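First the structure, in the form of structure tokens, and then the observations on it.
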Amino acid sequence: MRPARASGGAAAASWAFAALGGSLLGAALQLHQPRLWSAGAYAALLFAGLAGLAGLSRRWRPPLRVWRMPAALAMAVALACGALAAGGLAGWRAAAYAEGALDPALEGRDLQVVGVVAQMPQRNEGGTRFRLDVESARWADERLASAPRVPARITLGWYRDDTSLWGRAPESRAAATATAGDAAALHAGERWRLTVRLKAPHGNLNPHGFDNELWLWEQGVHASGYVRTGARDAAPARLQSTWLHPVERAREAVRDAVFERVADARQAGVIAALVTGDQGAIDRSDWDVFRATGVAHLMSISGLHITMFAWLAAHAVGALWRRSGRLMLRIPAPQAALAGGVLLAGLYALFSGWGVPSQRTVWMLATAALLRLTGRRWPWPHVWLLIAAVVVAVDPWALMQAGFWLSFVAVGILFATGFMRPAEETAGKSARLLAFFREQWVITLALTPLSLLLFQQVSVVGLLANAVAIPWVTLVVTPLAMLGAVAPPLWDLAAWAVQVLALLLRWLAALPYATLSMAAPPVWMAACGVAGGVLLAMRLPWSLRTLGLPLLLPVLLWHAPRPAAGQFELLAADIGQGNAVLVRTATHSLLYDAGPRYSLESDAGHRVLVPLLRAFDERLDMLVLSHRDSDHTGGAAAVLAMQPQAALLSSIEAAHPLQSVRPARRCEAGQRWTWDGVEFEILHPAPADYLSFTKPNAISCVLRIANGRATVLLAGDIERLQEAALVARTPQLRADVLLAPHHGSKSSSSAVFLEAVRPRVALVQAGYRNRFGHPAPEVVERYAAHGVKLVESVPCGAMLWRSREPAEVGCERERNARYWHHRLP
């Protein structure tokens, strides 16, 4: 075979570039596996990839004048070897990590564990949540001799006695909760003995939704649970204060000091988040404002903060270094400044909690600094890919996080548009400032399609908000907040600066059309849109830049597909213990119930339904709340705030708090309407039922939806008496799909009712290991005896049903299965 035409150095650079790209591709492919292979298989892939890359490097080593393969073939081989090595490394780490999973036999059983509080506890009105590094475990029942194998890291909740709990066993709350005073005694670095009840990490899985199981996997958490302090449980005991986790203890002390010093809790939360990385300290309403104005990235320890801190630290180290002639002779000041900046940035990231975004930024800075310190002058695409490859090698699951792609694309844009070229470093301050604002506009334009893909929302006022917020937060708020750890009075100035910024941001967020929401485009379309934005922003002739417009238009004009006229579909969201079903016709949408309230500061509306509706670009015509129970109305306020045009139909009483948000029309049997050839009818309650009901379940709004070919019955929480009344006064109750009454409770789904409805499919929306035991075993058997296919949200995730395929139900956990997702035993 004839020698390659390209020089050895250029060819080596080409296959190195291909190897870096292949490493990203290999890790991405491994992350899309629904199930893991054996650790040995991944080790073989890793070895094969590394051996191939080693062979290529020897063939292109300049002193050797041996046969060389063509450059195109070398790049293909390098791409494959890089993919094998990165995929093997990611898979081997995942297989090793999966070995630490919680034994299903331990779920729901009382255990006594001894461990050290590994992070500063998160306290709120409902109680305290914390992470525990387990040192030993045994059965709470001392009669059991064998020691259980508990995961090394778990998360626990220590709840107040006046708060409802998730995942609790069916027992009285008074016998299983702790007082606020007991939980307040817990601090980072302390060793405790606790009686706990654990379960495997199981999160909600919805289209375009947050993957909580991936987040826990990346954090190294294998189980979650709660502390038991009932009369029959051993009392929690603080054993000793240890030297472990000193950084976490310092973070906790600083956070608590901020809240003691600053009277306004909302301002204190922002300061605590900027200093210690405690994002949970920021009020939820403030997060809504920050997202609407596009400055949310400034209010947490993000890559921008770490990078800016590294830049300031490098300047400070360089200035001090130049004062010593002896130090200058040993190490040049630019090199000392670069190394010192990265080191101090790493320490700042460590103090701020060593979150995943901070880790990625530190590895990026360290890689770029190492290249410069060693005198490497690589083309920017090589540096860009090398940084990404290092980050992915350290944390392959970063590829599934929105923050990685935003930072990765943003850095690429800065490289491509010339902002990070050395020539810019010598520019004057005014030119550098103009370049900064130009690059901010460039990044905003180029990342708009990517933001639509990841968040389905773009802030229209974001450019103006960031123009003010970036210098204000970076140069005023953050320095004052950090220096306040040494001089606490500076926190008062920081609070004033936060208040000034908050006034501006709230005004911007309240402007009409402050945000633009669009349906989530397909991945290939978003990639084209990002390419179009980059092309428009690059320093090219306008004749070439305008070629980016055709790439942008598909993203901006994209509309999520809807059912055809006369057809309809249901999406039963995965919201835990509660109901929330989105009904879509050709041009109309209805939401039946709004899911539960998880805690005093979290509900299904904010966490699940608002992002879901935004992803489909839904404008609800109606919100139907079956009855007043919180597992059906918990997320209603958030949904109504997002959907100001939606009518409210419900059985809630006139004095219910939601009536002040949106006056509700009372649902009564006989109400009918038609959308796009699909008929909607309320079957229950009758007007007389409102006079005689004894509990809210008895007046649940029952909705029937039909198009002449398929019928759905959404039954709320009706029980046997209401089922019998419904059968008696409704001649034809037949339906293809039934939303199981009362989540499959044993007080519902009577044989008489099932015989009248005769559904093909029954949907059950219930939480994993919920305290009510839904669906009840006898109800499951009853459905099976009637030949009904029972589909539950726990193993299925979000459930999708279409009227054109009335016997089929699509499951989000099956459609987007990943190996880190929890599977029932």
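Residue numbers start at 1 in each chain; chains themselves are named A, B, ... in the order of the structure tokens; ligands are numbered from 1 in the order shown.
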Quick one: pick out all strand (DSSP E or B) residues within range 455-575 of chain A from a backbone DSSP run and write them as an NGL selection string.
:A and (457-459 or 515-517 or 569-572)
Identify all residues of range 374-596 of chain A in helix (DSSP H, G or I) (DSSP on the backbone) and supply them as a count of residues only.
138
Give me the residues within 12 Å of Pro148 in chain A as a short mmCIF file (atom, residue, chain, number, x, y, z; two decimals) with N, CA and C atoms, in the first residue's frame, counting only C-alpha atoms and dropping any in the same chain fewer than 5 places off.
```cif
data_model
loop_
_atom_site.label_atom_id
_atom_site.label_comp_id
_atom_site.auth_asym_id
_atom_site.auth_seq_id
_atom_site.Cartn_x
_atom_site.Cartn_y
_atom_site.Cartn_z
N LEU A 102 -29.16 -1.45 45.91
CA LEU A 102 -29.88 -1.94 47.07
C LEU A 102 -30.54 -3.27 46.77
N ASP A 103 -30.37 -4.23 47.67
CA ASP A 103 -31.03 -5.52 47.55
C ASP A 103 -32.54 -5.31 47.68
N PRO A 104 -33.34 -5.74 46.69
CA PRO A 104 -34.79 -5.55 46.78
C PRO A 104 -35.40 -6.14 48.05
N ALA A 105 -34.76 -7.14 48.63
CA ALA A 105 -35.30 -7.75 49.85
C ALA A 105 -35.25 -6.79 51.04
N LEU A 106 -34.44 -5.73 50.96
CA LEU A 106 -34.31 -4.79 52.07
C LEU A 106 -35.33 -3.66 52.00
N GLU A 107 -36.01 -3.52 50.87
CA GLU A 107 -36.95 -2.40 50.72
C GLU A 107 -38.11 -2.55 51.71
N ARG A 109 -38.11 -2.54 54.90
CA ARG A 109 -37.82 -3.21 56.17
C ARG A 109 -36.98 -2.30 57.05
N ASP A 110 -37.18 -2.42 58.35
CA ASP A 110 -36.49 -1.54 59.30
C ASP A 110 -35.06 -2.00 59.50
N LEU A 111 -34.14 -1.05 59.32
CA LEU A 111 -32.71 -1.31 59.47
C LEU A 111 -32.13 -0.29 60.44
N GLN A 112 -31.08 -0.70 61.12
CA GLN A 112 -30.35 0.23 61.96
C GLN A 112 -28.96 0.42 61.35
N VAL A 113 -28.65 1.65 60.98
CA VAL A 113 -27.40 1.95 60.30
C VAL A 113 -26.58 2.92 61.13
N VAL A 134 -22.74 5.18 54.77
CA VAL A 134 -23.02 4.09 55.71
C VAL A 134 -21.72 3.35 56.04
N SER A 136 -21.86 0.82 58.80
CA SER A 136 -22.30 -0.52 59.21
C SER A 136 -23.82 -0.54 59.25
N ALA A 137 -24.38 -1.75 59.19
CA ALA A 137 -25.83 -1.89 59.21
C ALA A 137 -26.20 -3.23 59.84
N ARG A 138 -27.35 -3.23 60.47
CA ARG A 138 -27.90 -4.47 61.00
C ARG A 138 -29.41 -4.35 61.02
N TRP A 139 -30.09 -5.47 61.24
CA TRP A 139 -31.54 -5.45 61.30
C TRP A 139 -32.00 -4.74 62.57
N ALA A 140 -33.08 -3.96 62.45
CA ALA A 140 -33.64 -3.33 63.64
C ALA A 140 -34.19 -4.38 64.60
N ASP A 141 -34.66 -5.48 64.03
CA ASP A 141 -35.11 -6.60 64.85
C ASP A 141 -33.88 -7.42 65.25
#
```
